[in-house]
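Inspection log for the structure reproduced underneath, given as structure tokens.
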Amino acid sequence: MDERRAASYPFIPTSTVPPVVESADGCTLYFSDGREVIDAGGGAVAVNIGHGRAEVAEAVAEATRRVSYVIPPWVTEERITLVEMLREKWLPPGLDRVALVSGGSESVDSAIRLAVSHFTSIGQPERWKVIGREVSYHGTTMTTLSAGGHRSRRRGFEHILTDFPKMPVADAEGLEKVIESEGPDTIAAVIAEPVIGAAAGALLPPDDWWPDVRAICDTHGILLIADEVMTGFGRTGRRFGVDHWNVVPDILVGGKGLSGGYAPLGGVYTSDEVVAPIAEVGAGMMFFTFSAHSAACAAGIAALTILEDEDLVSASATKGADFLVRLRPLEGHAHVREVRGLGLMIGVELVEDEESSEPYAPTAGMAARVVAEALRRGVWVYPAGDGNAPDALLIGPPFTISEAEMDTVVTVLGEAVSTVCGD
Ligand SMILES: Cc1ncc(COP(=O)(O)O)c(C=O)c1O
């Protein structure tokens, strides 16, 4: 077994290959060496309905028994039903043109293709730049890395990435300046995460940032893309992150929670206005082979049904507020700068010196070390951070997490920070 395990991980030393995850239920992962771990990171902040829901597995099996595969433009029962559910109960008003894909990077990549194709179709091919934030993560294809500002994930590829402009994280006037200096007629889209996830550890914008960015995009005829891959489908306590600021983007993308982590699934949601010019010139959008796979759509239908029937989006809001209160005392620790978040997307930012907010050197890998220590003690959280805040722990558990599990997470994280960072 050890050899088989190691052989499946070509890029890391054999000694660090993790044990096999044998099963999972609710918020708990069961490993082959007998250990139990609380999945407080929801994997990569994807598991929102909890593990081990038999009805999702049965829906996937049933869809697979009936139709294993047909090309994405063809219709299956699961494809229609999922799109209907999304339109009727989930998507913001006007965003009822849906393209389903297999994950977050594919959805952001497709959204960028859509925005550029929109402008090419209306005779403005010079509008192709996509402005992203200096600190952000939008995926790991070449185009999504180009739009994002995650320095460590871009490293080694900078020379072949498209040189898209970057805007400050929290200052809408800064966006205005970037647009002026680049030339408004060269910009196709602005992209942002409602709450910054992997690159910063649940960093919220100032209250007026999203409305201001919406207004600036309108002034210059620029499409606004909300990257809800991490924040979507209830993670922040509303259906979508932008709902907190009453902003409707032109294009919204979401993966992760759409299937609750049970199948690779993502989506691009937009309006007639964005799509119509593309259809008029007969351009269309090439699909990926596995886009809108019926088995993945079946998982999506079952996951959304559970979210709706068990009122789990509200649970994310109330449990998130409760969890934040329980975690807050960690701010008393000498190396914790801030505990922050929205719903069940919570970040704990680590620093070298709490008083001066001096971060650790990025090469120290402190977040990864604290995550490893917490895992040893039975709790998984997701390592996050980059740039000026290189070390953060991202907490994004299933919305079914219990109070007892929250308390264990708080205790273990406190111990892990003390052990790795010192008191
Ligand atoms: C905001 C955001 N966008 C895009 C992605 C990329 O998604 P995926 O890893 O499913 O390709 C992520 C993944 O963490 C994300 O958090």
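Residue names in the structure tokens use chain letters A, B, ... in the order shown, residue numbers from 1 in each chain, and ligand numbers from 1 in the order shown.
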Please extract the residues at most 9 Å from ligand 1, counting only C-alpha atoms and all ligand atoms, and provide them as an mmCIF file with N, CA, C and O atoms, in the first residue's frame, using the chain letters and residue numbers of this document.
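pocket28.cif, freshly written:
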```
data_model
loop_
_atom_site.group_PDB
_atom_site.id
_atom_site.type_symbol
_atom_site.label_atom_id
_atom_site.label_comp_id
_atom_site.auth_asym_id
_atom_site.auth_seq_id
_atom_site.Cartn_x
_atom_site.Cartn_y
_atom_site.Cartn_z
ATOM 1 N N ALA A 44 -10.998 21.820 0.016
ATOM 2 C CA ALA A 44 -10.538 23.138 -0.430
ATOM 3 C C ALA A 44 -11.741 24.092 -0.418
ATOM 4 O O ALA A 44 -12.095 24.700 -1.424
ATOM 5 N N VAL A 45 -12.407 24.188 0.741
ATOM 6 C CA VAL A 45 -13.602 25.036 0.915
ATOM 7 C C VAL A 45 -14.654 24.695 -0.155
ATOM 8 O O VAL A 45 -15.196 25.584 -0.824
ATOM 9 N N ALA A 46 -14.899 23.397 -0.286
ATOM 10 C CA ALA A 46 -15.852 22.938 -1.308
ATOM 11 C C ALA A 46 -17.015 22.141 -0.719
ATOM 12 O O ALA A 46 -18.093 22.081 -1.305
ATOM 13 N N SER A 102 -16.532 21.982 -15.565
ATOM 14 C CA SER A 102 -16.133 20.961 -14.581
ATOM 15 C C SER A 102 -15.390 21.492 -13.366
ATOM 16 O O SER A 102 -14.810 20.715 -12.619
ATOM 17 N N GLY A 103 -15.340 22.809 -13.165
ATOM 18 C CA GLY A 103 -14.643 23.304 -11.980
ATOM 19 C C GLY A 103 -14.448 24.804 -12.041
ATOM 20 O O GLY A 103 -14.917 25.479 -12.974
ATOM 21 N N GLY A 104 -13.713 25.324 -11.038
ATOM 22 C CA GLY A 104 -13.562 26.761 -10.899
ATOM 23 C C GLY A 104 -12.699 27.389 -11.980
ATOM 24 O O GLY A 104 -13.085 28.398 -12.591
ATOM 25 N N SER A 105 -11.512 26.825 -12.222
ATOM 26 C CA SER A 105 -10.633 27.417 -13.229
ATOM 27 C C SER A 105 -11.304 27.426 -14.596
ATOM 28 O O SER A 105 -11.245 28.418 -15.327
ATOM 29 N N GLU A 106 -11.965 26.324 -14.931
ATOM 30 C CA GLU A 106 -12.667 26.269 -16.225
ATOM 31 C C GLU A 106 -13.767 27.325 -16.289
ATOM 32 O O GLU A 106 -14.022 27.899 -17.341
ATOM 33 N N SER A 107 -14.418 27.577 -15.167
ATOM 34 C CA SER A 107 -15.519 28.542 -15.209
ATOM 35 C C SER A 107 -14.975 29.969 -15.372
ATOM 36 O O SER A 107 -15.512 30.754 -16.156
ATOM 37 N N VAL A 108 -13.863 30.296 -14.679
ATOM 38 C CA VAL A 108 -13.297 31.646 -14.834
ATOM 39 C C VAL A 108 -12.717 31.802 -16.241
ATOM 40 O O VAL A 108 -12.917 32.827 -16.907
ATOM 41 N N SER A 136 -5.296 38.124 -5.274
ATOM 42 C CA SER A 136 -6.506 37.403 -5.700
ATOM 43 C C SER A 136 -6.109 36.041 -6.234
ATOM 44 O O SER A 136 -4.947 35.818 -6.569
ATOM 45 N N TYR A 137 -7.081 35.138 -6.316
ATOM 46 C CA TYR A 137 -6.841 33.853 -6.976
ATOM 47 C C TYR A 137 -8.060 33.505 -7.812
ATOM 48 O O TYR A 137 -9.183 33.498 -7.311
ATOM 49 N N HIS A 138 -7.817 33.225 -9.090
ATOM 50 C CA HIS A 138 -8.929 32.910 -9.989
ATOM 51 C C HIS A 138 -8.763 31.579 -10.699
ATOM 52 O O HIS A 138 -9.550 31.270 -11.597
ATOM 53 N N GLY A 139 -7.736 30.807 -10.331
ATOM 54 C CA GLY A 139 -7.579 29.510 -10.968
ATOM 55 C C GLY A 139 -6.188 29.329 -11.522
ATOM 56 O O GLY A 139 -5.354 30.247 -11.462
ATOM 57 N N THR A 140 -5.953 28.166 -12.075
ATOM 58 C CA THR A 140 -4.595 27.793 -12.391
ATOM 59 C C THR A 140 -4.353 27.473 -13.863
ATOM 60 O O THR A 140 -3.299 26.967 -14.228
ATOM 61 N N THR A 141 -5.315 27.765 -14.747
ATOM 62 C CA THR A 141 -5.005 27.741 -16.185
ATOM 63 C C THR A 141 -4.193 28.997 -16.480
ATOM 64 O O THR A 141 -4.157 29.928 -15.658
ATOM 65 N N THR A 144 -6.365 32.195 -16.303
ATOM 66 C CA THR A 144 -6.864 32.547 -14.967
ATOM 67 C C THR A 144 -5.707 32.954 -14.044
ATOM 68 O O THR A 144 -5.865 33.834 -13.205
ATOM 69 N N GLY A 148 -5.342 36.619 -12.138
ATOM 70 C CA GLY A 148 -5.181 36.628 -10.687
ATOM 71 C C GLY A 148 -3.884 37.283 -10.253
ATOM 72 O O GLY A 148 -2.994 37.550 -11.057
ATOM 73 N N ALA A 192 -13.299 40.050 -9.753
ATOM 74 C CA ALA A 192 -12.958 40.075 -8.322
ATOM 75 C C ALA A 192 -13.730 38.999 -7.569
ATOM 76 O O ALA A 192 -14.828 38.610 -7.967
ATOM 77 N N GLU A 193 -13.106 38.549 -6.483
ATOM 78 C CA GLU A 193 -13.790 37.648 -5.545
ATOM 79 C C GLU A 193 -14.546 38.528 -4.542
ATOM 80 O O GLU A 193 -13.955 39.477 -4.012
ATOM 81 N N PRO A 194 -15.793 38.225 -4.226
ATOM 82 C CA PRO A 194 -16.520 39.024 -3.229
ATOM 83 C C PRO A 194 -15.771 39.102 -1.903
ATOM 84 O O PRO A 194 -15.649 40.165 -1.304
ATOM 85 N N VAL A 195 -15.276 37.970 -1.429
ATOM 86 C CA VAL A 195 -14.402 37.920 -0.249
ATOM 87 C C VAL A 195 -13.159 37.161 -0.716
ATOM 88 O O VAL A 195 -13.290 36.068 -1.273
ATOM 89 N N ILE A 196 -11.968 37.737 -0.530
ATOM 90 C CA ILE A 196 -10.766 37.095 -1.085
ATOM 91 C C ILE A 196 -10.434 35.845 -0.281
ATOM 92 O O ILE A 196 -10.298 35.896 0.946
ATOM 93 N N GLY A 197 -10.301 34.711 -0.995
ATOM 94 C CA GLY A 197 -10.130 33.433 -0.321
ATOM 95 C C GLY A 197 -8.688 32.992 -0.222
ATOM 96 O O GLY A 197 -7.954 33.398 0.689
ATOM 97 N N ALA A 198 -8.255 32.176 -1.182
ATOM 98 C CA ALA A 198 -6.957 31.512 -1.092
ATOM 99 C C ALA A 198 -5.786 32.488 -0.979
ATOM 100 O O ALA A 198 -4.792 32.205 -0.318
ATOM 101 N N ALA A 199 -5.897 33.658 -1.619
ATOM 102 C CA ALA A 199 -4.762 34.585 -1.638
ATOM 103 C C ALA A 199 -4.634 35.394 -0.354
ATOM 104 O O ALA A 199 -3.584 35.979 -0.085
ATOM 105 N N ALA A 226 -17.996 38.496 -11.255
ATOM 106 C CA ALA A 226 -17.838 38.116 -9.840
ATOM 107 C C ALA A 226 -17.391 36.661 -9.790
ATOM 108 O O ALA A 226 -18.090 35.774 -10.286
ATOM 109 N N ASP A 227 -16.204 36.430 -9.222
ATOM 110 C CA ASP A 227 -15.702 35.064 -9.075
ATOM 111 C C ASP A 227 -16.196 34.506 -7.748
ATOM 112 O O ASP A 227 -15.623 34.762 -6.694
ATOM 113 N N GLU A 228 -17.287 33.737 -7.849
ATOM 114 C CA GLU A 228 -17.931 33.163 -6.646
ATOM 115 C C GLU A 228 -17.591 31.690 -6.496
ATOM 116 O O GLU A 228 -18.366 30.932 -5.907
ATOM 117 N N VAL A 229 -16.434 31.291 -7.054
ATOM 118 C CA VAL A 229 -16.057 29.873 -6.969
ATOM 119 C C VAL A 229 -16.012 29.427 -5.507
ATOM 120 O O VAL A 229 -16.522 28.374 -5.149
ATOM 121 N N MET A 230 -15.410 30.272 -4.648
ATOM 122 C CA MET A 230 -15.346 29.893 -3.233
ATOM 123 C C MET A 230 -16.538 30.433 -2.441
ATOM 124 O O MET A 230 -17.063 29.769 -1.546
ATOM 125 N N THR A 231 -16.980 31.651 -2.763
ATOM 126 C CA THR A 231 -18.008 32.316 -1.945
ATOM 127 C C THR A 231 -19.434 31.875 -2.278
ATOM 128 O O THR A 231 -20.358 32.138 -1.501
ATOM 129 N N VAL A 253 -19.416 33.479 -11.773
ATOM 130 C CA VAL A 253 -18.949 32.101 -11.925
ATOM 131 C C VAL A 253 -18.931 31.426 -10.562
ATOM 132 O O VAL A 253 -18.696 32.069 -9.541
ATOM 133 N N GLY A 254 -19.213 30.127 -10.573
ATOM 134 C CA GLY A 254 -19.217 29.403 -9.303
ATOM 135 C C GLY A 254 -18.955 27.920 -9.512
ATOM 136 O O GLY A 254 -19.458 27.334 -10.476
ATOM 137 N N GLY A 255 -18.143 27.325 -8.669
ATOM 138 C CA GLY A 255 -17.878 25.884 -8.761
ATOM 139 C C GLY A 255 -18.079 25.280 -7.385
ATOM 140 O O GLY A 255 -19.138 25.405 -6.795
ATOM 141 N N LYS A 256 -17.034 24.712 -6.834
ATOM 142 C CA LYS A 256 -16.977 24.158 -5.480
ATOM 143 C C LYS A 256 -18.345 23.725 -4.911
ATOM 144 O O LYS A 256 -18.790 22.622 -5.153
ATOM 145 N N PRO A 264 -17.013 16.937 -9.985
ATOM 146 C CA PRO A 264 -16.402 18.142 -10.569
ATOM 147 C C PRO A 264 -17.454 18.932 -11.352
ATOM 148 O O PRO A 264 -17.988 18.440 -12.344
ATOM 149 N N LEU A 265 -17.772 20.127 -10.865
ATOM 150 C CA LEU A 265 -18.847 20.906 -11.491
ATOM 151 C C LEU A 265 -18.607 22.389 -11.253
ATOM 152 O O LEU A 265 -18.245 22.801 -10.153
ATOM 153 N N GLY A 266 -18.782 23.182 -12.294
ATOM 154 C CA GLY A 266 -18.693 24.636 -12.165
ATOM 155 C C GLY A 266 -19.660 25.252 -13.152
ATOM 156 O O GLY A 266 -20.262 24.534 -13.970
#
```
List the neighbours of region 69-85 of chain A out to 12 Å using only C-alpha atoms; skip same-chain residues closer than 5 positions along the sequence, and give me the result as a VMD selection string.
chain A and resid 59 to 60 62 to 64 90 to 91 95 to 102 258 to 259 265 to 269 284 to 305 308
Can you list every residue in region 263-356 of chain A that DSSP puts in strand (DSSP E), as a count of residues only?
18
What does the distance between CA of His150 (chain A) and CA of Val420 (chain A) come to in Å, to one decimal place?
24.6 Å
Could you build a table of the residues in region 214-268 of chain A lying no more than 12 Å from region 116-128 of chain A, giving for each the nearest pair of atoms and their separation in Å rounded to one decimal place, using only C-alpha atoms, ordered by chain and ascending residue number, as CSV?
```
residue,atom,partner,partner_atom,distance
A:His220,CA,A:Arg127,CA,11.4
A:Gly221,CA,A:Arg127,CA,10.3
A:Ile222,CA,A:Arg127,CA,9.0
A:Leu223,CA,A:His118,CA,9.6
A:Asp250,CA,A:His118,CA,11.6
A:Ile251,CA,A:His118,CA,11.6
```
Limited to N, CA and C atoms, could you put the picked residues into a file as a PDB file, in the first residue's frame?
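Full text of again_16.pdb as output:
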```pdb
ATOM      1  N   HIS A 220     -17.831  52.953 -17.849  1.00  0.00           N
ATOM      2  CA  HIS A 220     -16.912  52.716 -18.960  1.00  0.00           C
ATOM      3  C   HIS A 220     -17.343  51.563 -19.868  1.00  0.00           C
ATOM      4  N   GLY A 221     -18.532  51.027 -19.658  1.00  0.00           N
ATOM      5  CA  GLY A 221     -19.002  49.929 -20.515  1.00  0.00           C
ATOM      6  C   GLY A 221     -18.179  48.656 -20.360  1.00  0.00           C
ATOM      7  N   ILE A 222     -17.650  48.453 -19.143  1.00  0.00           N
ATOM      8  CA  ILE A 222     -16.808  47.277 -18.866  1.00  0.00           C
ATOM      9  C   ILE A 222     -17.657  46.204 -18.186  1.00  0.00           C
ATOM     10  N   LEU A 223     -17.461  44.941 -18.561  1.00  0.00           N
ATOM     11  CA  LEU A 223     -18.219  43.856 -17.924  1.00  0.00           C
ATOM     12  C   LEU A 223     -17.623  43.525 -16.558  1.00  0.00           C
ATOM     13  N   ASP A 250     -22.218  41.266 -14.347  1.00  0.00           N
ATOM     14  CA  ASP A 250     -22.644  40.871 -15.696  1.00  0.00           C
ATOM     15  C   ASP A 250     -22.414  39.381 -15.915  1.00  0.00           C
ATOM     16  N   ILE A 251     -21.370  38.884 -15.273  1.00  0.00           N
ATOM     17  CA  ILE A 251     -21.066  37.453 -15.354  1.00  0.00           C
ATOM     18  C   ILE A 251     -20.714  36.989 -13.942  1.00  0.00           C
TER      19      ILE A 251
END
```
Excluding Val20 (chain A) and any residue of its chain fewer than 3 positions from it, enumerate the residues within 9 Å of it, using only C-alpha atoms, and give them as number ranges by chain.
A: 5, 30-33
Those same residues, written as an mmCIF file, in the first residue's frame with N, CA, C and O atoms?
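Saved file again20.cif follows:
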```
data_model
loop_
_atom_site.group_PDB
_atom_site.id
_atom_site.type_symbol
_atom_site.label_atom_id
_atom_site.label_comp_id
_atom_site.auth_asym_id
_atom_site.auth_seq_id
_atom_site.Cartn_x
_atom_site.Cartn_y
_atom_site.Cartn_z
ATOM 1 N N ARG A 5 0.735 4.236 -2.648
ATOM 2 C CA ARG A 5 0.443 5.611 -2.217
ATOM 3 C C ARG A 5 1.469 6.571 -2.776
ATOM 4 O O ARG A 5 1.157 7.591 -3.363
ATOM 5 N N TYR A 30 -12.078 9.811 7.887
ATOM 6 C CA TYR A 30 -11.524 8.625 8.545
ATOM 7 C C TYR A 30 -10.342 8.115 7.715
ATOM 8 O O TYR A 30 -10.513 7.769 6.544
ATOM 9 N N PHE A 31 -9.131 8.094 8.331
ATOM 10 C CA PHE A 31 -7.910 7.699 7.617
ATOM 11 C C PHE A 31 -7.581 6.230 7.851
ATOM 12 O O PHE A 31 -8.008 5.637 8.855
ATOM 13 N N SER A 32 -6.756 5.672 6.927
ATOM 14 C CA SER A 32 -6.415 4.240 6.988
ATOM 15 C C SER A 32 -5.589 3.892 8.225
ATOM 16 O O SER A 32 -5.549 2.746 8.650
ATOM 17 N N ASP A 33 -4.927 4.915 8.820
ATOM 18 C CA ASP A 33 -4.133 4.599 10.022
ATOM 19 C C ASP A 33 -4.980 4.725 11.299
ATOM 20 O O ASP A 33 -4.446 4.754 12.407
#
```
I'd like the neighbourhood of Val417 (chain A) as a PyMOL selection string, where a residue qualifies if any of its atoms comes within 8 Å (using only C-alpha atoms), though same-chain residues fewer than 5 positions away should be ignored.
chain A and resi 335+370+422
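Residue nearest Thr400 (chain A), chosen from A:Leu161, A:Ile49, A:Val336, A:Ala263 and counting only C-alpha atoms: A:Ile49.
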Enumerate the residues of region 224-327 of chain A with a DSSP assignment of helix (DSSP H, G or I), computed from the backbone, and present them as a PyMOL selection string.
chain A and resi 241-245+256-259+272-280+294-309+312-327
Residue neighbourhood Ala147 (chain A), 8 Å, only C-alpha atoms, exclusion window fewer than 2 positions, as a PDB file with C-alpha atoms, in the first residue's frame:
```
ATOM      1  CA  VAL A 130      -9.127  41.854 -17.832  1.00  0.00           C
ATOM      2  CA  ILE A 131      -8.367  43.810 -14.670  1.00  0.00           C
ATOM      3  CA  GLY A 132      -7.925  41.668 -11.558  1.00  0.00           C
ATOM      4  CA  HIS A 138      -8.929  32.910  -9.989  1.00  0.00           C
ATOM      5  CA  THR A 143      -5.471  32.784 -18.479  1.00  0.00           C
ATOM      6  CA  THR A 144      -6.864  32.547 -14.967  1.00  0.00           C
ATOM      7  CA  LEU A 145      -3.354  32.805 -13.483  1.00  0.00           C
ATOM      8  CA  GLY A 149      -2.629  38.189  -8.393  1.00  0.00           C
ATOM      9  CA  PHE A 164      -3.313  41.875 -17.498  1.00  0.00           C
ATOM     10  CA  ILE A 191     -12.860  40.400 -12.120  1.00  0.00           C
TER      11      ILE A 191
END
```
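CA of Gly237 (chain A) sits 17.2 Å away from CA of Leu252 (chain A).
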Give me the residues near region 401-408 of chain A as a ChimeraX atom specification, where near means some atom within 8 Å (using only C-alpha atoms) and where sequence neighbours in that chain fewer than 2 positions away do not count.
/A:26-27,38,323,326,397-399,410-412
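With only C-alpha atoms as the atoms that count, the residue of A:Pro329, A:Pro277, A:Pro390, A:Gly174 with the shortest distance to Asp212 (chain A) is A:Gly174.
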State, in Å with one decimal place, the distance from CA of Leu393 (chain A) to CA of Val348 (chain A).
5.1 Å
